[in-house]
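Visitor: Just so it is clear, I am handing over start-v7.tsv, which has TSV, C-alpha atoms (C1' of nucleotides).
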chain	number	residue	atom	x	y	z
A	1	MET	CA	139.42	68.30	99.67
A	2	THR	CA	139.53	70.89	96.94
A	3	THR	CA	136.38	72.59	98.19
A	4	GLN	CA	137.79	72.62	101.70
A	5	ILE	CA	140.83	74.50	100.55
A	6	LYS	CA	138.70	76.83	98.47
A	7	ASN	CA	136.32	77.44	101.35
A	8	SER	CA	139.08	78.23	103.76
A	9	THR	CA	140.62	80.65	101.29
A	10	LYS	CA	137.30	82.36	100.76
A	11	THR	CA	136.72	82.55	104.49
A	12	GLU	CA	140.12	84.14	105.00
A	13	LEU	CA	139.30	86.57	102.23
A	14	ALA	CA	136.07	87.42	104.04
A	15	VAL	CA	138.05	88.07	107.21
A	16	GLU	CA	140.42	90.35	105.31
A	17	PHE	CA	137.43	92.09	103.78
A	18	GLY	CA	136.13	92.78	107.27
A	19	ARG	CA	139.47	94.22	108.27
A	20	SER	CA	139.55	96.51	105.25
A	21	MET	CA	136.02	97.70	105.91
A	22	ASN	CA	137.07	98.63	109.38
A	23	GLU	CA	140.10	100.45	108.04
A	24	LEU	CA	138.02	102.44	105.58
A	25	ARG	CA	135.57	103.43	108.29
A	26	THR	CA	138.41	104.52	110.54
A	27	HIS	CA	139.93	106.74	107.87
A	28	THR	CA	136.57	108.20	106.89
A	29	ARG	CA	135.86	108.97	110.51
A	30	GLN	CA	139.25	110.58	110.99
A	31	GLN	CA	138.91	112.76	107.91
A	32	ILE	CA	135.49	113.97	108.95
A	33	GLN	CA	136.62	114.66	112.50
A	34	LEU	CA	139.53	116.58	111.04
A	35	LYS	CA	137.13	118.77	109.08
A	36	ILE	CA	134.98	119.28	112.17
A	37	LYS	CA	138.01	120.29	114.16
A	38	GLU	CA	139.40	122.57	111.46
A	39	HIS	CA	136.20	124.56	111.67
A	40	GLY	CA	136.10	124.53	115.45
A	41	ILE	CA	132.74	122.81	115.84
A	42	ASN	CA	131.88	121.02	119.05
A	43	ILE	CA	130.37	117.80	117.73
A	44	THR	CA	131.44	114.19	117.30
A	45	PHE	CA	131.23	111.83	114.33
A	46	GLU	CA	128.50	109.86	116.10
A	47	MET	CA	126.44	112.98	116.76
A	48	LEU	CA	126.85	113.87	113.11
A	49	GLU	CA	125.31	110.53	112.11
A	50	VAL	CA	122.29	111.38	114.23
A	51	MET	CA	122.07	114.86	112.74
A	52	GLY	CA	122.23	113.26	109.29
A	53	CYS	CA	119.03	111.34	110.04
A	54	LEU	CA	117.27	114.50	111.16
A	55	TRP	CA	118.43	116.47	108.15
A	56	ARG	CA	116.79	113.83	105.99
A	57	LYS	CA	113.65	113.78	108.05
A	58	ASP	CA	113.00	116.10	110.96
A	59	GLY	CA	110.75	114.95	113.80
A	60	ILE	CA	111.32	111.25	114.38
A	61	ASN	CA	111.45	109.36	117.66
A	62	GLN	CA	114.52	108.00	119.40
A	63	GLN	CA	113.91	104.38	118.47
A	64	GLU	CA	113.73	105.32	114.80
A	65	ILE	CA	117.05	107.14	115.01
A	66	ALA	CA	118.56	104.15	116.80
A	67	ASN	CA	117.41	101.89	113.95
A	68	LEU	CA	118.73	104.21	111.27
A	69	THR	CA	122.12	104.60	112.91
A	70	LEU	CA	122.37	100.91	113.91
A	71	ARG	CA	122.66	101.67	117.58
A	72	ASP	CA	121.04	100.48	120.74
A	73	LYS	CA	118.21	102.69	121.97
A	74	SER	CA	119.89	103.07	125.36
A	75	GLY	CA	122.84	104.70	123.66
A	76	MET	CA	120.47	107.11	121.96
A	77	THR	CA	119.31	108.52	125.30
A	78	TYR	CA	122.85	109.52	126.11
A	79	LEU	CA	123.73	110.73	122.62
A	80	LEU	CA	120.61	112.88	122.43
A	81	ASP	CA	121.27	114.27	125.90
A	82	ASN	CA	124.54	115.55	124.52
A	83	LEU	CA	122.89	116.98	121.41
A	84	VAL	CA	120.28	118.72	123.55
A	85	LYS	CA	123.07	120.19	125.71
A	86	ARG	CA	124.64	121.57	122.55
A	87	LYS	CA	121.24	123.02	121.60
A	88	LEU	CA	121.18	121.26	118.23
A	89	VAL	CA	117.97	119.29	118.84
A	90	LYS	CA	115.02	119.30	121.21
A	91	ARG	CA	112.90	116.52	122.70
A	92	VAL	CA	109.14	116.85	122.39
A	93	GLU	CA	106.72	114.39	123.96
A	94	ASP	CA	104.33	112.95	121.38
A	95	ALA	CA	100.75	113.82	122.35
A	96	ASN	CA	99.36	110.91	120.31
A	97	ASP	CA	101.59	108.29	121.90
A	98	ARG	CA	103.14	109.44	125.10
A	99	ARG	CA	105.78	106.73	124.96
A	100	ASN	CA	107.43	108.51	122.06
A	101	LYS	CA	109.77	111.43	122.35
A	102	MET	CA	110.00	113.16	119.05
A	103	ILE	CA	113.31	114.77	118.16
A	104	TYR	CA	113.30	118.06	116.30
A	105	LEU	CA	116.12	120.18	114.97
A	106	THR	CA	116.62	123.58	116.57
A	107	LYS	CA	117.55	126.65	114.57
A	108	ASP	CA	121.22	125.89	115.30
A	109	GLY	CA	120.68	122.31	114.18
A	110	HIS	CA	119.30	123.48	110.85
A	111	GLU	CA	122.09	125.97	110.34
A	112	LEU	CA	124.75	123.40	111.09
A	113	ARG	CA	123.59	121.47	108.05
A	114	GLU	CA	124.48	124.23	105.63
A	115	GLN	CA	127.83	124.62	107.28
A	116	LEU	CA	128.80	120.95	107.54
A	117	ASN	CA	127.24	119.27	104.53
A	118	PRO	CA	129.77	120.53	101.98
A	119	TRP	CA	132.72	119.33	104.10
A	120	VAL	CA	131.21	115.91	104.73
A	121	ALA	CA	130.50	115.55	101.01
A	122	GLU	CA	134.11	116.49	100.32
A	123	VAL	CA	135.34	113.54	102.35
A	124	TYR	CA	133.15	111.05	100.54
A	125	GLU	CA	134.09	112.60	97.21
A	126	MET	CA	137.73	112.20	98.12
A	127	ALA	CA	137.15	108.59	99.12
A	128	SER	CA	135.43	107.72	95.85
A	129	GLU	CA	137.73	109.73	93.60
A	130	GLY	CA	138.62	107.80	90.49
A	131	VAL	CA	136.37	104.94	91.51
A	132	ASP	CA	134.07	103.56	88.83
A	133	VAL	CA	130.44	104.01	89.80
A	134	HIS	CA	129.73	100.45	88.69
A	135	ASN	CA	132.33	99.11	91.05
A	136	LEU	CA	130.69	101.03	93.84
A	137	GLN	CA	127.32	99.60	92.88
A	138	ASN	CA	128.73	96.08	92.76
A	139	GLY	CA	130.27	96.70	96.16
A	140	MET	CA	126.86	97.67	97.49
A	141	LEU	CA	125.38	94.45	96.12
A	142	LEU	CA	128.13	92.43	97.75
A	143	LEU	CA	127.51	94.08	101.10
A	144	SER	CA	123.76	93.51	100.84
A	145	GLU	CA	124.34	89.86	100.05
A	146	MET	CA	126.58	89.37	103.06
A	147	ILE	CA	124.28	91.33	105.35
A	148	ASN	CA	121.34	89.16	104.31
A	149	ASN	CA	123.37	86.02	104.90
A	150	LEU	CA	124.03	87.07	108.47
A	151	LYS	CA	120.46	88.20	109.08
A	152	LYS	CA	119.24	84.71	108.23
A	153	GLY	CA	121.57	83.00	110.72
B	1	MET	CA	126.18	120.31	84.88
B	2	THR	CA	125.98	116.66	83.99
B	3	THR	CA	129.17	115.85	85.84
B	4	GLN	CA	127.88	117.71	88.87
B	5	ILE	CA	124.79	115.54	88.99
B	6	LYS	CA	126.87	112.44	88.41
B	7	ASN	CA	129.31	113.46	91.11
B	8	SER	CA	126.62	114.11	93.65
B	9	THR	CA	125.03	110.74	92.88
B	10	LYS	CA	128.32	108.99	93.26
B	11	THR	CA	128.99	110.79	96.52
B	12	GLU	CA	125.60	109.73	97.84
B	13	LEU	CA	126.37	106.21	96.74
B	14	ALA	CA	129.63	106.39	98.68
B	15	VAL	CA	127.70	107.54	101.75
B	16	GLU	CA	125.31	104.61	101.37
B	17	PHE	CA	128.26	102.30	100.92
B	18	GLY	CA	129.63	103.54	104.23
B	19	ARG	CA	126.31	102.86	105.89
B	20	SER	CA	126.18	99.33	104.53
B	21	MET	CA	129.73	98.64	105.65
B	22	ASN	CA	128.75	99.70	109.11
B	23	GLU	CA	125.69	97.48	108.99
B	24	LEU	CA	127.74	94.46	107.93
B	25	ARG	CA	130.25	95.05	110.67
B	26	THR	CA	127.47	95.34	113.24
B	27	HIS	CA	125.94	92.05	112.17
B	28	THR	CA	129.29	90.27	112.05
B	29	ARG	CA	130.08	91.51	115.50
B	30	GLN	CA	126.72	90.44	116.85
B	31	GLN	CA	127.02	86.94	115.38
B	32	ILE	CA	130.47	86.46	116.85
B	33	GLN	CA	129.40	87.77	120.24
B	34	LEU	CA	126.48	85.34	120.07
B	35	LYS	CA	128.90	82.44	119.52
B	36	ILE	CA	131.09	83.63	122.37
B	37	LYS	CA	128.09	83.80	124.65
B	38	GLU	CA	126.72	80.42	123.57
B	39	HIS	CA	129.96	78.86	124.70
B	40	GLY	CA	130.11	80.86	127.90
B	41	ILE	CA	133.44	82.55	127.31
B	42	ASN	CA	134.30	85.76	129.09
B	43	ILE	CA	135.75	87.84	126.28
B	44	THR	CA	134.60	90.68	124.04
B	45	PHE	CA	134.77	91.14	120.28
B	46	GLU	CA	137.48	93.77	120.71
B	47	MET	CA	139.59	91.50	122.87
B	48	LEU	CA	139.17	88.81	120.24
B	49	GLU	CA	140.65	91.14	117.62
B	50	VAL	CA	143.70	91.58	119.81
B	51	MET	CA	143.98	87.83	120.38
B	52	GLY	CA	143.75	87.37	116.60
B	53	CYS	CA	146.92	89.47	116.19
B	54	LEU	CA	148.75	87.37	118.75
B	55	TRP	CA	147.61	84.10	117.22
B	56	ARG	CA	149.17	85.25	113.99
B	57	LYS	CA	152.33	86.42	115.68
B	58	ASP	CA	153.04	85.98	119.36
B	59	GLY	CA	155.30	88.44	121.14
B	60	ILE	CA	154.66	91.93	119.74
B	61	ASN	CA	154.52	95.22	121.55
B	62	GLN	CA	151.43	97.28	122.32
B	63	GLN	CA	151.97	99.86	119.64
B	64	GLU	CA	152.16	97.14	117.01
B	65	ILE	CA	148.87	95.66	118.19
B	66	ALA	CA	147.32	99.12	118.15
B	67	ASN	CA	148.43	99.55	114.53
B	68	LEU	CA	147.14	96.15	113.49
B	69	THR	CA	143.76	96.65	115.13
B	70	LEU	CA	143.46	100.28	114.02
B	71	ARG	CA	143.15	101.56	117.55
B	72	ASP	CA	144.73	104.30	119.59
B	73	LYS	CA	147.62	103.13	121.74
B	74	SER	CA	145.97	104.58	124.84
B	75	GLY	CA	143.06	102.24	124.32
B	76	MET	CA	145.49	99.32	124.14
B	77	THR	CA	146.66	99.89	127.70
B	78	TYR	CA	143.15	99.41	128.96
B	79	LEU	CA	142.29	96.52	126.63
B	80	LEU	CA	145.45	94.64	127.56
B	81	ASP	CA	144.83	95.26	131.25
B	82	ASN	CA	141.58	93.39	130.79
B	83	LEU	CA	143.25	90.55	128.88
B	84	VAL	CA	145.91	90.23	131.57
B	85	LYS	CA	143.16	90.07	134.21
B	86	ARG	CA	141.58	87.22	132.26
B	87	LYS	CA	145.00	85.53	132.17
B	88	LEU	CA	145.02	85.26	128.38
B	89	VAL	CA	148.20	87.31	127.82
B	90	LYS	CA	151.14	88.59	129.81
B	91	ARG	CA	153.21	91.76	129.58
B	92	VAL	CA	156.99	91.39	129.44
B	93	GLU	CA	159.37	94.31	129.48
B	94	ASP	CA	161.73	94.21	126.51
B	95	ALA	CA	165.33	94.01	127.71
B	96	ASN	CA	166.67	95.42	124.43
B	97	ASP	CA	164.42	98.46	124.43
B	98	ARG	CA	162.92	99.14	127.80
B	99	ARG	CA	160.21	101.36	126.34
B	100	ASN	CA	158.58	98.30	124.80
B	101	LYS	CA	156.27	95.95	126.62
B	102	MET	CA	156.04	92.73	124.69
B	103	ILE	CA	152.77	90.87	124.80
B	104	TYR	CA	152.83	87.07	124.94
B	105	LEU	CA	150.03	84.53	124.95
B	106	THR	CA	149.60	82.46	128.09
B	107	LYS	CA	148.71	78.77	128.01
B	108	ASP	CA	145.04	79.76	128.29
B	109	GLY	CA	145.51	82.24	125.47
B	110	HIS	CA	146.88	79.53	123.21
B	111	GLU	CA	144.13	77.10	124.11
B	112	LEU	CA	141.42	79.65	123.46
B	113	ARG	CA	142.51	79.73	119.86
B	114	GLU	CA	141.67	76.08	119.24
B	115	GLN	CA	138.34	76.60	120.91
B	116	LEU	CA	137.28	79.82	119.23
B	117	ASN	CA	138.76	79.68	115.75
B	118	PRO	CA	136.21	77.24	114.30
B	119	TRP	CA	133.29	79.34	115.51
B	120	VAL	CA	134.71	82.59	114.23
B	121	ALA	CA	135.35	80.94	110.87
B	122	GLU	CA	131.75	79.75	110.84
B	123	VAL	CA	130.51	83.32	111.04
B	124	TYR	CA	132.64	84.47	108.13
B	125	GLU	CA	131.64	81.39	106.13
B	126	MET	CA	128.04	82.22	106.78
B	127	ALA	CA	128.58	85.82	105.71
B	128	SER	CA	130.22	84.82	102.44
B	129	GLU	CA	127.90	81.92	101.64
B	130	GLY	CA	126.94	81.90	97.99
B	131	VAL	CA	129.19	84.89	97.31
B	132	ASP	CA	131.42	84.64	94.26
B	133	VAL	CA	135.09	84.77	95.24
B	134	HIS	CA	135.76	87.20	92.41
B	135	ASN	CA	133.17	89.59	93.75
B	136	LEU	CA	134.87	89.43	97.10
B	137	GLN	CA	138.22	90.13	95.48
B	138	ASN	CA	136.79	93.06	93.56
B	139	GLY	CA	135.30	94.31	96.80
B	140	MET	CA	138.75	94.19	98.38
B	141	LEU	CA	140.19	96.19	95.50
B	142	LEU	CA	137.45	98.77	95.86
B	143	LEU	CA	138.13	99.15	99.56
B	144	SER	CA	141.88	99.46	99.00
B	145	GLU	CA	141.28	102.13	96.40
B	146	MET	CA	139.10	104.16	98.73
B	147	ILE	CA	141.44	103.71	101.69
B	148	ASN	CA	144.36	104.95	99.60
B	149	ASN	CA	142.34	107.95	98.45
B	150	LEU	CA	141.74	108.96	102.05
B	151	LYS	CA	145.30	108.30	103.12
B	152	LYS	CA	146.53	110.77	100.52
B	153	GLY	CA	144.23	113.54	101.75
C	1	DT	C1'	178.78	114.16	123.83
C	2	DC	C1'	174.83	116.31	124.65
C	3	DA	C1'	170.49	118.75	123.43
C	4	DA	C1'	166.50	117.94	120.60
C	5	DA	C1'	163.41	115.01	118.47
C	6	DT	C1'	161.19	110.59	118.51
C	7	DT	C1'	158.95	106.62	120.35
C	8	DA	C1'	156.29	103.46	123.81
C	9	DG	C1'	153.38	103.45	127.22
C	10	DT	C1'	150.26	105.52	130.88
C	11	DT	C1'	146.80	108.65	132.76
C	12	DT	C1'	142.92	111.61	132.54
C	13	DG	C1'	138.64	113.45	130.87
C	14	DG	C1'	135.03	113.26	127.93
C	15	DT	C1'	132.34	110.51	124.89
C	16	DA	C1'	130.26	106.13	123.09
C	17	DT	C1'	128.33	101.29	123.31
C	18	DT	C1'	126.01	97.18	125.05
C	19	DT	C1'	123.36	94.36	128.26
C	20	DA	C1'	120.01	93.92	131.55
C	21	DA	C1'	116.68	95.53	134.58
C	22	DC	C1'	113.29	98.90	135.09
C	23	DT	C1'	109.06	102.29	134.28
C	24	DA	C1'	105.46	103.98	131.58
C	25	DT	C1'	102.40	103.63	127.90
C	26	DC	C1'	99.79	101.57	124.41
C	27	DA	C1'	97.40	97.52	121.76
C	28	DA	C1'	94.97	93.20	121.31
C	29	DG	C1'	92.13	89.57	122.55
C	30	DT	C1'	89.18	87.46	125.68
D	1	DA	C1'	87.30	96.21	131.45
D	2	DC	C1'	91.32	93.42	132.24
D	3	DT	C1'	95.12	90.76	131.48
D	4	DT	C1'	98.79	89.92	128.46
D	5	DG	C1'	102.18	91.31	125.48
D	6	DA	C1'	104.65	94.61	122.98
D	7	DT	C1'	106.95	99.08	122.59
D	8	DA	C1'	109.59	103.59	123.95
D	9	DG	C1'	112.55	105.39	126.86
D	10	DT	C1'	115.68	105.55	131.06
D	11	DT	C1'	119.19	103.96	134.22
D	12	DA	C1'	123.33	101.56	135.85
D	13	DA	C1'	127.43	98.97	135.25
D	14	DA	C1'	130.97	97.37	132.43
D	15	DT	C1'	133.56	97.95	128.41
D	16	DA	C1'	135.55	100.68	124.73
D	17	DC	C1'	137.37	104.83	122.22
D	18	DC	C1'	140.02	109.04	121.31
D	19	DA	C1'	142.76	113.20	122.21
D	20	DA	C1'	145.92	115.56	124.94
D	21	DA	C1'	149.21	115.89	128.42
D	22	DC	C1'	152.61	113.37	130.62
D	23	DT	C1'	156.87	110.10	131.84
D	24	DA	C1'	160.55	107.33	130.55
D	25	DA	C1'	163.70	105.50	127.24
D	26	DT	C1'	166.01	105.75	122.91
D	27	DT	C1'	167.80	107.85	118.69
D	28	DT	C1'	169.64	111.57	116.02
D	29	DG	C1'	172.66	114.93	114.59
D	30	DA	C1'	175.41	118.84	115.09
Now that the file is in, can you turn its structure into C-alpha cells?

Guide:
Amino acid sequence: MTTQIKNSTKTELAVEFGRSMNELRTHTRQQIQLKIKEHGINITFEMLEVMGCLWRKDGINQQEIANLTLRDKSGMTYLLDNLVKRKLVKRVEDANDRRNKMIYLTKDGHELREQLNPWVAEVYEMASEGVDVHNLQNGMLLLSEMINNLKKG
Amino acid sequence: MTTQIKNSTKTELAVEFGRSMNELRTHTRQQIQLKIKEHGINITFEMLEVMGCLWRKDGINQQEIANLTLRDKSGMTYLLDNLVKRKLVKRVEDANDRRNKMIYLTKDGHELREQLNPWVAEVYEMASEGVDVHNLQNGMLLLSEMINNLKKG
DNA sequence: TCAAATTAGTTTGGTATTTAACTATCAAGT
DNA sequence: ACTTGATAGTTAAATACCAAACTAATTTGA
C-alpha cells in the first residue's frame, strides 16, 4: 500500500518533470529564435541544430546528422534541402559509397558560425546563470538514467 | 581567465543538458506512441497532451489549453479540429463571453482516460525506475531555476 | 459613451516531423 | 556470382508548429 502511494507520487513527479523539460526547451528555443530575428538571419532553430553538428565536424552524411539531432532521416532530406537553398551547406555524393551524400559547409555556412555562436552561447549562459555546476552534472546523470531506462523497454 | 574557462565549460554543459532533455523527450514520446499503437487507438502524442489537460479540468477555453501545453493558440485550432473529428471533445460557445470557445470532453473522451491512463503511467514508471525521488526533485528545482532565468531575459 | 487597447479564435504561408513505401547501393555468406 | 539482408536517401501523405495578419467580442479609460 505504502509503496503504491509512493510509486504513484514518483510517477506524477516524473510526469511533471517531463512537462518542465518541455517548458525549458520552449523558452530556450524562443530566446534563440529571438536572437536570430534580432540579427535578421533567415534560419530556423532546427536548421541551427543541423549547423551545430557540421560546425563540430564538417563532412558527414545525412543519416549521421539525423542520429545526432534525434530526427528521422526523411526529415533530414527536407531540412537539408532548405539549408542548400539558403546556400549554407552543399551535398556531395560519396565516391567510396554512392549511397551516402556527404554534407559540407559552404563559405557562408562557415561564416555564420562566427556570427551566431556568441549569441547562442549567451542564451545558454543566461539559462544556467547562478546554477551550480554540480547540480547541472547531477541533472545530466538523472537524464542519462531515465534515457537508459526507456531504451531498455 | 579561470572564470572564463569555467563559464565556457558550464555553458557547454548546459548545451549538452539541452540535448539530453530532447533525447529523453523523444524516447518518452516514442514509448507512449508505441503503447497507443499497440492498443490500436487513433490519437497522437500531441492530442494526448491536450486530453491530459481536459482530464484534469474539463471545460476550459482554447487559449487556456494552449498555455498549459505550451503551444501557440493558432496550433490549437487545428489540433482541436482533429479531436472534434475523432469525437473526443466538443466546442461550446461561451454565453458569458462570446469570444471564448469552451472545450468539453465527450463520453468517448471520458472513457479514453480510463483506457489510456494506466499505459501512460507505465511509461513514466519505466522512465523513473530505480531513480531516487530526491534526485527527481532536485532535477525539478534545476529546471525551474533555468526556466526562470530565461523568463527574465 | 465612445475610441483605443486587449483578448479569443481563425486563416494563411512557410517550415518541421513521422510513417510507410520506394529506389539504389553495398555487404555477407553460400 | 547470386541471393539475401542491410543501409542511405527520397517521396508522399498526414500531422504539427509558429508567426503574422485578420475578425469579432470585450474591456478600459478619458

Visitor: Give the superposed chain A as a short mmCIF file (atom, residue, chain, number, x, y, z; two decimals) with C-alpha atoms, in the coordinates of the input, the fit being least squares on chain B over all ordered C-alpha pairs.

Guide:
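That gives us result.cif:
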data_model
loop_
_atom_site.label_atom_id
_atom_site.label_comp_id
_atom_site.auth_asym_id
_atom_site.auth_seq_id
_atom_site.Cartn_x
_atom_site.Cartn_y
_atom_site.Cartn_z
CA MET A 1 125.96 120.29 84.86
CA THR A 2 125.86 116.64 83.92
CA THR A 3 129.04 115.88 85.84
CA GLN A 4 127.66 117.71 88.85
CA ILE A 5 124.63 115.49 88.91
CA LYS A 6 126.77 112.42 88.35
CA ASN A 7 129.18 113.44 91.09
CA SER A 8 126.45 114.03 93.59
CA THR A 9 124.92 110.66 92.79
CA LYS A 10 128.25 108.95 93.20
CA THR A 11 128.86 110.76 96.46
CA GLU A 12 125.49 109.67 97.78
CA LEU A 13 126.31 106.14 96.71
CA ALA A 14 129.57 106.40 98.65
CA VAL A 15 127.62 107.51 101.71
CA GLU A 16 125.26 104.56 101.33
CA PHE A 17 128.26 102.29 100.92
CA GLY A 18 129.59 103.56 104.23
CA ARG A 19 126.28 102.85 105.88
CA SER A 20 126.20 99.31 104.53
CA MET A 21 129.75 98.67 105.68
CA ASN A 22 128.74 99.71 109.13
CA GLU A 23 125.72 97.44 108.99
CA LEU A 24 127.80 94.46 107.93
CA ARG A 25 130.28 95.07 110.72
CA THR A 26 127.47 95.32 113.25
CA HIS A 27 125.96 92.02 112.17
CA THR A 28 129.33 90.28 112.07
CA ARG A 29 130.07 91.54 115.54
CA GLN A 30 126.71 90.41 116.85
CA GLN A 31 127.05 86.94 115.38
CA ILE A 32 130.49 86.48 116.86
CA GLN A 33 129.39 87.77 120.25
CA LEU A 34 126.49 85.35 120.07
CA LYS A 35 128.90 82.47 119.53
CA ILE A 36 131.08 83.68 122.40
CA LYS A 37 128.08 83.86 124.66
CA GLU A 38 126.70 80.49 123.59
CA HIS A 39 129.92 78.93 124.78
CA GLY A 40 130.05 80.96 127.97
CA ILE A 41 133.39 82.64 127.35
CA ASN A 42 134.26 85.86 129.11
CA ILE A 43 135.72 87.91 126.27
CA THR A 44 134.61 90.73 124.01
CA PHE A 45 134.77 91.17 120.24
CA GLU A 46 137.49 93.79 120.66
CA MET A 47 139.59 91.50 122.85
CA LEU A 48 139.16 88.81 120.23
CA GLU A 49 140.65 91.12 117.59
CA VAL A 50 143.70 91.54 119.80
CA MET A 51 143.95 87.80 120.38
CA GLY A 52 143.74 87.33 116.60
CA CYS A 53 146.92 89.38 116.18
CA LEU A 54 148.73 87.30 118.78
CA TRP A 55 147.57 84.03 117.29
CA ARG A 56 149.16 85.13 114.04
CA LYS A 57 152.32 86.28 115.72
CA ASP A 58 153.02 85.86 119.41
CA GLY A 59 155.28 88.35 121.18
CA ILE A 60 154.67 91.79 119.72
CA ASN A 61 154.54 95.13 121.50
CA GLN A 62 151.47 97.19 122.30
CA GLN A 63 152.03 99.77 119.58
CA GLU A 64 152.19 97.03 116.97
CA ILE A 65 148.90 95.58 118.15
CA ALA A 66 147.37 99.06 118.11
CA ASN A 67 148.47 99.47 114.48
CA LEU A 68 147.15 96.08 113.45
CA THR A 69 143.78 96.60 115.09
CA LEU A 70 143.50 100.25 113.99
CA ARG A 71 143.24 101.55 117.51
CA ASP A 72 144.88 104.24 119.54
CA LYS A 73 147.74 103.03 121.71
CA SER A 74 146.09 104.50 124.81
CA GLY A 75 143.15 102.20 124.27
CA MET A 76 145.53 99.27 124.07
CA THR A 77 146.73 99.85 127.64
CA TYR A 78 143.21 99.41 128.90
CA LEU A 79 142.32 96.53 126.59
CA LEU A 80 145.46 94.62 127.53
CA ASP A 81 144.85 95.28 131.22
CA ASN A 82 141.58 93.44 130.77
CA LEU A 83 143.22 90.59 128.86
CA VAL A 84 145.87 90.26 131.57
CA LYS A 85 143.11 90.14 134.21
CA ARG A 86 141.53 87.29 132.28
CA LYS A 87 144.94 85.58 132.20
CA LEU A 88 144.95 85.28 128.41
CA VAL A 89 148.15 87.30 127.84
CA LYS A 90 151.11 88.56 129.82
CA ARG A 91 153.21 91.72 129.59
CA VAL A 92 156.98 91.29 129.45
CA GLU A 93 159.38 94.23 129.45
CA ASP A 94 161.73 94.09 126.47
CA ALA A 95 165.33 93.89 127.70
CA ASN A 96 166.67 95.29 124.41
CA ASP A 97 164.42 98.34 124.41
CA ARG A 98 162.91 99.05 127.75
CA ARG A 99 160.24 101.26 126.23
CA ASN A 100 158.59 98.20 124.73
CA LYS A 101 156.28 95.87 126.55
CA MET A 102 156.05 92.65 124.67
CA ILE A 103 152.75 90.80 124.81
CA TYR A 104 152.78 87.02 124.98
CA LEU A 105 149.97 84.50 125.01
CA THR A 106 149.53 82.46 128.17
CA LYS A 107 148.62 78.79 128.11
CA ASP A 108 144.94 79.81 128.37
CA GLY A 109 145.43 82.25 125.52
CA HIS A 110 146.80 79.50 123.30
CA GLU A 111 144.03 77.11 124.22
CA LEU A 112 141.35 79.67 123.53
CA ARG A 113 142.46 79.70 119.92
CA GLU A 114 141.59 76.08 119.33
CA GLN A 115 138.26 76.60 120.98
CA LEU A 116 137.25 79.85 119.27
CA ASN A 117 138.76 79.69 115.81
CA PRO A 118 136.23 77.25 114.35
CA TRP A 119 133.28 79.38 115.55
CA VAL A 120 134.76 82.62 114.25
CA ALA A 121 135.43 80.96 110.90
CA GLU A 122 131.83 79.78 110.86
CA VAL A 123 130.58 83.35 111.03
CA TYR A 124 132.73 84.52 108.15
CA GLU A 125 131.78 81.43 106.16
CA MET A 126 128.14 82.23 106.77
CA ALA A 127 128.69 85.83 105.70
CA SER A 128 130.37 84.84 102.44
CA GLU A 129 128.08 81.94 101.62
CA GLY A 130 127.14 81.92 97.98
CA VAL A 131 129.37 84.90 97.30
CA ASP A 132 131.63 84.66 94.26
CA VAL A 133 135.27 84.82 95.28
CA HIS A 134 135.93 87.25 92.44
CA ASN A 135 133.33 89.62 93.77
CA LEU A 136 135.02 89.48 97.13
CA GLN A 137 138.36 90.20 95.52
CA ASN A 138 136.91 93.12 93.57
CA GLY A 139 135.41 94.39 96.80
CA MET A 140 138.84 94.29 98.40
CA LEU A 141 140.27 96.30 95.51
CA LEU A 142 137.51 98.86 95.86
CA LEU A 143 138.18 99.24 99.57
CA SER A 144 141.92 99.61 99.00
CA GLU A 145 141.29 102.28 96.41
CA MET A 146 139.07 104.28 98.73
CA ILE A 147 141.41 103.84 101.68
CA ASN A 148 144.32 105.15 99.61
CA ASN A 149 142.25 108.11 98.47
CA LEU A 150 141.64 109.11 102.07
CA LYS A 151 145.22 108.49 103.14
CA LYS A 152 146.40 111.01 100.55
CA GLY A 153 144.07 113.76 101.79
#

Visitor: Excluding Leu80 of chain B and any residue of its chain fewer than 6 positions from it, enumerate the residues within 9 Å of it, using all atoms listed in the file, and give them as a list of chain:residue names.

Guide: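 In the requested form, the answer reads B:Met47, B:Val50, B:Gln62, B:Val89, B:Lys90, B:Arg91, B:Ile103.
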
Visitor: Do a neighbour search on segment 12-18 of chain D at 9 Å with all atoms listed in the file, toss out local chain neighbours closer than 4 positions, and write the hits as a list in words.

Guide: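 So, after excluding close chain neighbours, the residues are Thr44, Glu46, Arg71, Asp72, Ser74, Gly75, Tyr78 and Leu79 of chain B; DT15, DA16, DT17 and DT18 of chain C.
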
Visitor: Write out as a list in words the residues lying within 8 Å of DC26 of chain C, counting all atoms listed in the file and excluding same-chain residues fewer than 5 positions away.

Guide: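 Answer for this query is Asp97 and Arg99 of chain A; DT7 of chain D.
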
Visitor: At a cut-off of 8 Å, which residues of chain C touch chain B? Count all atoms listed in the file and give the answer as a ChimeraX atom specification.

Guide: /C:8-10

Visitor: Distance limit 8 Å, atoms considered: only C-alpha atoms. Which chain B residues sit that close to chain A? Return them as a ChimeraX atom specification.

Guide: /B:7,10-11,13-15,17-18,20-28,31,70,121,123-129,131,133,135-140,142-147,149-151,153

Visitor: What separation in Å, quoted to one decimal, exists between atom CA of Ile32 of chain B and atom CA of Leu48 of chain B?

Guide: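 Interatomic distance, atom CA of Ile32 of chain B to atom CA of Leu48 of chain B: 9.6 Å.
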
Visitor: Should the cut-off be 10 Å, what would the residue list for chain D against chain A look like, counting all atoms listed in the file, as a PyMOL selection string?

Guide: chain D and resi 7-11

Visitor: Within 12 Å of (170.2, 114.4, 112.4) (coordinates as in the file), grab all the protein and nucleic acid residues, counting only C-alpha atoms (C1' of nucleotides), and write them out as an mmCIF file with C-alpha atoms (C1' of nucleotides), in the frame of the given file.

Guide:
data_model
loop_
_atom_site.group_PDB
_atom_site.id
_atom_site.type_symbol
_atom_site.label_atom_id
_atom_site.label_comp_id
_atom_site.auth_asym_id
_atom_site.auth_seq_id
_atom_site.Cartn_x
_atom_site.Cartn_y
_atom_site.Cartn_z
ATOM 1 C "C1'" DA C 3 170.490 118.750 123.430
ATOM 2 C "C1'" DA C 4 166.500 117.940 120.600
ATOM 3 C "C1'" DA C 5 163.410 115.010 118.470
ATOM 4 C "C1'" DT C 6 161.190 110.590 118.510
ATOM 5 C "C1'" DT D 27 167.800 107.850 118.690
ATOM 6 C "C1'" DT D 28 169.640 111.570 116.020
ATOM 7 C "C1'" DG D 29 172.660 114.930 114.590
ATOM 8 C "C1'" DA D 30 175.410 118.840 115.090
#
